[in-house]
Amino acid sequence: MSVFISFENTMKKNNLQHRTRYIAFVAASVDGRISLGSKALPHWTSREDWEFFQDSLSRIDAVVVGRNTYELAAKRLRKRNTFVLSSRPKTLTRRGTVTFVNPANVDLPKLLERHRSVAVLGGGAVYRFMLERKLLDEIFVTIEPLIFGRGKEMFVGGTRTVRVSLLSVKRLNRTGTLLLHYQINHQQP
Ligand SMILES: NC(=O)c1ccc[n+]([C@@H]2O[C@H](COP(=O)([O-])OP(=O)(O)OC[C@H]3O[C@@H](n4cnc5c(N)ncnc54)[C@H](OP(=O)(O)O)[C@@H]3O)[C@@H](O)[C@H]2O)c1
């Protein structure tokens with residue numbers, strides 16, 4: 001798919017060596033909220049976004065999620081190489097293809113280095129943590145045509161300011177769902 005080709009081209013153009021690519025996928029309201037409550041997965045996203053998301057995940061080697069999000073989507077995530085961030089295990093606990101990891105005591109980039117592509121699937125605490133640790137190379141943000149005026153922030157608790165470069169923008173449907181694809185420039189304030 002074109003978004004993945006564009007990343008490979010960027011890598012070639014910048015003469016970058018292979019390393020793990022971290023890609024966040026976020027669905028948001030126009031006012032940047034990702035959820036109306038922490039105990040529910042978003043039911044307000046469009047069919048077109050769901051199709052894009054599933055297609056993208058089929059090309060990804062592993063996923064990283066927070067414990068709250070894992071608990072909401074465990075059935076689907078159990079089929080994948082899933083890394084669940086949690087402060088509960090001392091270091092690592094494995095259950096089939098799912099690894100519960102405490103990043104305070106484990107070198108997360110090292111743990112994930114054998115995977116070429118890692119999808120960062122949220123929620124808000126995990127998007128923030130991965131951005132702050134410079135473990136995000138790209139972000140896909142699907143903006144659904146809704147204003148919530150409340151709900152969970154994309155980066156819970158806030159982050160430093162990070163500059164991003166727009167790689168592509170696509171309108172996904174007639175109701176006005178937009179898919180934005182950015183590269184994250186950690187070096188530039
Ligand atoms: N719109 C979207 O694209 C999207 C995507 C995903 C999720 N969501 C929504 O987001 C909400 C969940 O987000 P959330 O912010 O409440 O929770 P979350 O990020 O899914 O999970 C938070 C939990 O993950 C663990 N965690 C996160 N960062 C950690 C770190 N650096 N070290 C150790 N543990 C860490 C902690 O678990 P412990 O308590 O075990 O320590 C923390 O309580 C849900 O409503 C979900 O539907 C929306």
# chains A, B, ... in the order shown; residues from 1 in each chain; ligands from 1
>>> residues_around(residues="Thr20 in chain A", least_positions_apart="3", cutoff="12 Å", atoms="only C-alpha atoms", output="MDAnalysis selection string")
chainID A and resid 11 16:17 23 60:63 108:119 135:138
>>> residues_near_ligand(ligand="ligand 1", cutoff="6 Å", atoms="only C-alpha atoms and all ligand atoms", output="PyMOL selection string")
chain A and resi 26-28+34-35+37-42+65-69+85-88+102-103+121-126+129
>>> closest_atom_pairs(of="range 17-83 of chain A", to="range 160-184 of chain A", cutoff="10 Å", atoms="only C-alpha atoms", output="JSON lines")
{"residue": "A:Ile23", "atom": "CA", "partner": "A:Gln183", "partner_atom": "CA", "distance": 9.2}
{"residue": "A:Ala24", "atom": "CA", "partner": "A:His181", "partner_atom": "CA", "distance": 9.8}
{"residue": "A:Phe25", "atom": "CA", "partner": "A:His181", "partner_atom": "CA", "distance": 9.4}
{"residue": "A:Val26", "atom": "CA", "partner": "A:Leu179", "partner_atom": "CA", "distance": 9.8}
{"residue": "A:Ala27", "atom": "CA", "partner": "A:Leu179", "partner_atom": "CA", "distance": 9.0}
{"residue": "A:Ser29", "atom": "CA", "partner": "A:Thr177", "partner_atom": "CA", "distance": 9.7}
{"residue": "A:Val30", "atom": "CA", "partner": "A:Thr177", "partner_atom": "CA", "distance": 9.8}
{"residue": "A:Thr45", "atom": "CA", "partner": "A:Thr177", "partner_atom": "CA", "distance": 8.9}
{"residue": "A:Ser46", "atom": "CA", "partner": "A:Thr177", "partner_atom": "CA", "distance": 7.5}
{"residue": "A:Arg47", "atom": "CA", "partner": "A:Asn173", "partner_atom": "CA", "distance": 9.2}
{"residue": "A:Glu48", "atom": "CA", "partner": "A:Leu172", "partner_atom": "CA", "distance": 6.2}
{"residue": "A:Asp49", "atom": "CA", "partner": "A:Leu172", "partner_atom": "CA", "distance": 7.3}
{"residue": "A:Phe52", "atom": "CA", "partner": "A:Leu172", "partner_atom": "CA", "distance": 9.1}
>>> select_by_dssp(residues="range 11-164 of chain A", states="alpha helix (DSSP H)", output="PyMOL selection string")
chain A and resi 11-13+47-57+67-77+108-112+124-132
>>> write_last_selection(atoms="C-alpha atoms", output="short mmCIF file (atom, residue, chain, number, x, y, z; two decimals), in the first residue's frame")
data_model
loop_
_atom_site.label_atom_id
_atom_site.label_comp_id
_atom_site.auth_asym_id
_atom_site.auth_seq_id
_atom_site.Cartn_x
_atom_site.Cartn_y
_atom_site.Cartn_z
CA MET A 11 14.33 5.50 4.38
CA LYS A 12 16.15 5.11 1.05
CA LYS A 13 16.27 8.86 0.37
CA ARG A 47 -16.02 1.62 8.37
CA GLU A 48 -13.40 3.12 6.06
CA ASP A 49 -11.05 3.78 8.98
CA TRP A 50 -11.57 0.24 10.26
CA GLU A 51 -10.69 -1.18 6.84
CA PHE A 52 -7.57 0.99 6.61
CA PHE A 53 -6.57 -0.06 10.14
CA GLN A 54 -7.04 -3.79 9.50
CA ASP A 55 -5.19 -3.61 6.19
CA SER A 56 -2.30 -1.78 7.86
CA LEU A 57 -2.11 -4.25 10.74
CA ARG A 67 -3.00 -2.55 29.72
CA ASN A 68 -6.34 -0.74 29.61
CA THR A 69 -6.59 -0.97 25.84
CA TYR A 70 -5.43 -4.60 25.91
CA GLU A 71 -8.21 -5.50 28.32
CA LEU A 72 -10.76 -3.99 25.93
CA ALA A 73 -9.41 -5.78 22.86
CA ALA A 74 -7.74 -8.90 24.27
CA LYS A 75 -9.60 -11.32 22.02
CA ARG A 76 -8.28 -9.69 18.84
CA LEU A 77 -4.82 -8.87 20.19
CA LEU A 108 11.88 -1.87 25.32
CA PRO A 109 13.74 -0.94 22.08
CA LYS A 110 16.00 -3.97 22.57
CA LEU A 111 13.04 -6.23 23.23
CA LEU A 112 11.39 -5.05 20.01
CA GLY A 124 -3.46 7.82 25.54
CA ALA A 125 -0.89 6.84 28.16
CA VAL A 126 1.01 4.69 25.67
CA TYR A 127 0.98 7.23 22.83
CA ARG A 128 2.47 9.70 25.28
CA PHE A 129 5.09 7.30 26.65
CA MET A 130 6.28 6.20 23.20
CA LEU A 131 6.47 9.80 21.93
CA GLU A 132 8.39 10.96 24.99
#
>>> closest_residue(among="A:His186, A:Phe148, A:Phe155, A:Leu36", to="Lys134 in chain A", atoms="only C-alpha atoms")
A:His186
>>> atom_distance(atom1="CA of Asn81 in chain A", atom2="CA of Arg133 in chain A")
21.1 Å
>>> select_by_dssp(residues="range 55-142 of chain A", states="strand (DSSP E or B)", output="VMD selection string")
chain A and resid 62 to 66 82 to 85 92 to 95 98 to 101 117 to 120 138 to 142
>>> decode(residues="range 41-115 of chain A", atoms="C-alpha atoms", output="tab-separated table (two decimals), in the first residue's frame")
chain	number	residue	atom	x	y	z
A	41	LEU	CA	-13.25	0.94	22.62
A	42	PRO	CA	-14.23	3.66	20.14
A	43	HIS	CA	-17.55	2.79	18.44
A	44	TRP	CA	-17.70	6.08	16.60
A	45	THR	CA	-15.05	5.38	13.98
A	46	SER	CA	-15.99	4.86	10.34
A	47	ARG	CA	-16.02	1.62	8.37
A	48	GLU	CA	-13.40	3.12	6.06
A	49	ASP	CA	-11.05	3.78	8.98
A	50	TRP	CA	-11.57	0.24	10.26
A	51	GLU	CA	-10.69	-1.18	6.84
A	52	PHE	CA	-7.57	0.99	6.61
A	53	PHE	CA	-6.57	-0.06	10.14
A	54	GLN	CA	-7.04	-3.79	9.50
A	55	ASP	CA	-5.19	-3.61	6.19
A	56	SER	CA	-2.30	-1.78	7.86
A	57	LEU	CA	-2.11	-4.25	10.74
A	58	SER	CA	-1.86	-7.14	8.31
A	59	ARG	CA	1.57	-5.75	7.28
A	60	ILE	CA	2.85	-5.10	10.81
A	61	ASP	CA	5.08	-7.47	12.81
A	62	ALA	CA	4.11	-6.56	16.38
A	63	VAL	CA	1.88	-4.22	18.35
A	64	VAL	CA	2.34	-2.24	21.57
A	65	VAL	CA	-0.67	-1.34	23.73
A	66	GLY	CA	-1.42	-0.18	27.24
A	67	ARG	CA	-3.00	-2.55	29.72
A	68	ASN	CA	-6.34	-0.74	29.61
A	69	THR	CA	-6.59	-0.97	25.84
A	70	TYR	CA	-5.43	-4.60	25.91
A	71	GLU	CA	-8.21	-5.50	28.32
A	72	LEU	CA	-10.76	-3.99	25.93
A	73	ALA	CA	-9.41	-5.78	22.86
A	74	ALA	CA	-7.74	-8.90	24.27
A	75	LYS	CA	-9.60	-11.32	22.02
A	76	ARG	CA	-8.28	-9.69	18.84
A	77	LEU	CA	-4.82	-8.87	20.19
A	78	ARG	CA	-4.15	-12.42	21.37
A	79	LYS	CA	-3.77	-13.42	17.72
A	80	ARG	CA	-0.85	-11.00	17.25
A	81	ASN	CA	2.65	-10.46	18.59
A	82	THR	CA	1.42	-8.12	21.28
A	83	PHE	CA	3.45	-6.25	23.89
A	84	VAL	CA	1.31	-4.90	26.71
A	85	LEU	CA	2.82	-2.11	28.81
A	86	SER	CA	2.07	-2.44	32.49
A	87	SER	CA	3.73	-1.64	35.81
A	88	ARG	CA	2.40	-4.93	37.24
A	89	PRO	CA	5.05	-7.44	36.10
A	90	LYS	CA	8.49	-6.98	37.59
A	91	THR	CA	10.03	-7.42	34.14
A	92	LEU	CA	8.30	-9.66	31.58
A	93	THR	CA	5.46	-12.17	31.61
A	94	ARG	CA	4.57	-14.18	28.50
A	95	ARG	CA	1.18	-15.70	27.69
A	96	GLY	CA	1.27	-17.21	24.21
A	97	THR	CA	1.97	-14.43	21.74
A	98	VAL	CA	1.23	-11.75	24.34
A	99	THR	CA	4.05	-10.30	26.44
A	100	PHE	CA	3.31	-8.12	29.45
A	101	VAL	CA	6.27	-5.80	29.93
A	102	ASN	CA	7.23	-3.24	32.51
A	103	PRO	CA	9.30	-0.65	30.60
A	104	ALA	CA	10.79	0.69	33.84
A	105	ASN	CA	12.76	-2.56	34.15
A	106	VAL	CA	13.12	-3.75	30.56
A	107	ASP	CA	14.93	-2.20	27.59
A	108	LEU	CA	11.88	-1.87	25.32
A	109	PRO	CA	13.74	-0.94	22.08
A	110	LYS	CA	16.00	-3.97	22.57
A	111	LEU	CA	13.04	-6.23	23.23
A	112	LEU	CA	11.39	-5.05	20.01
A	113	GLU	CA	14.47	-4.79	17.80
A	114	ARG	CA	13.87	-8.07	15.95
A	115	HIS	CA	10.59	-6.68	14.60
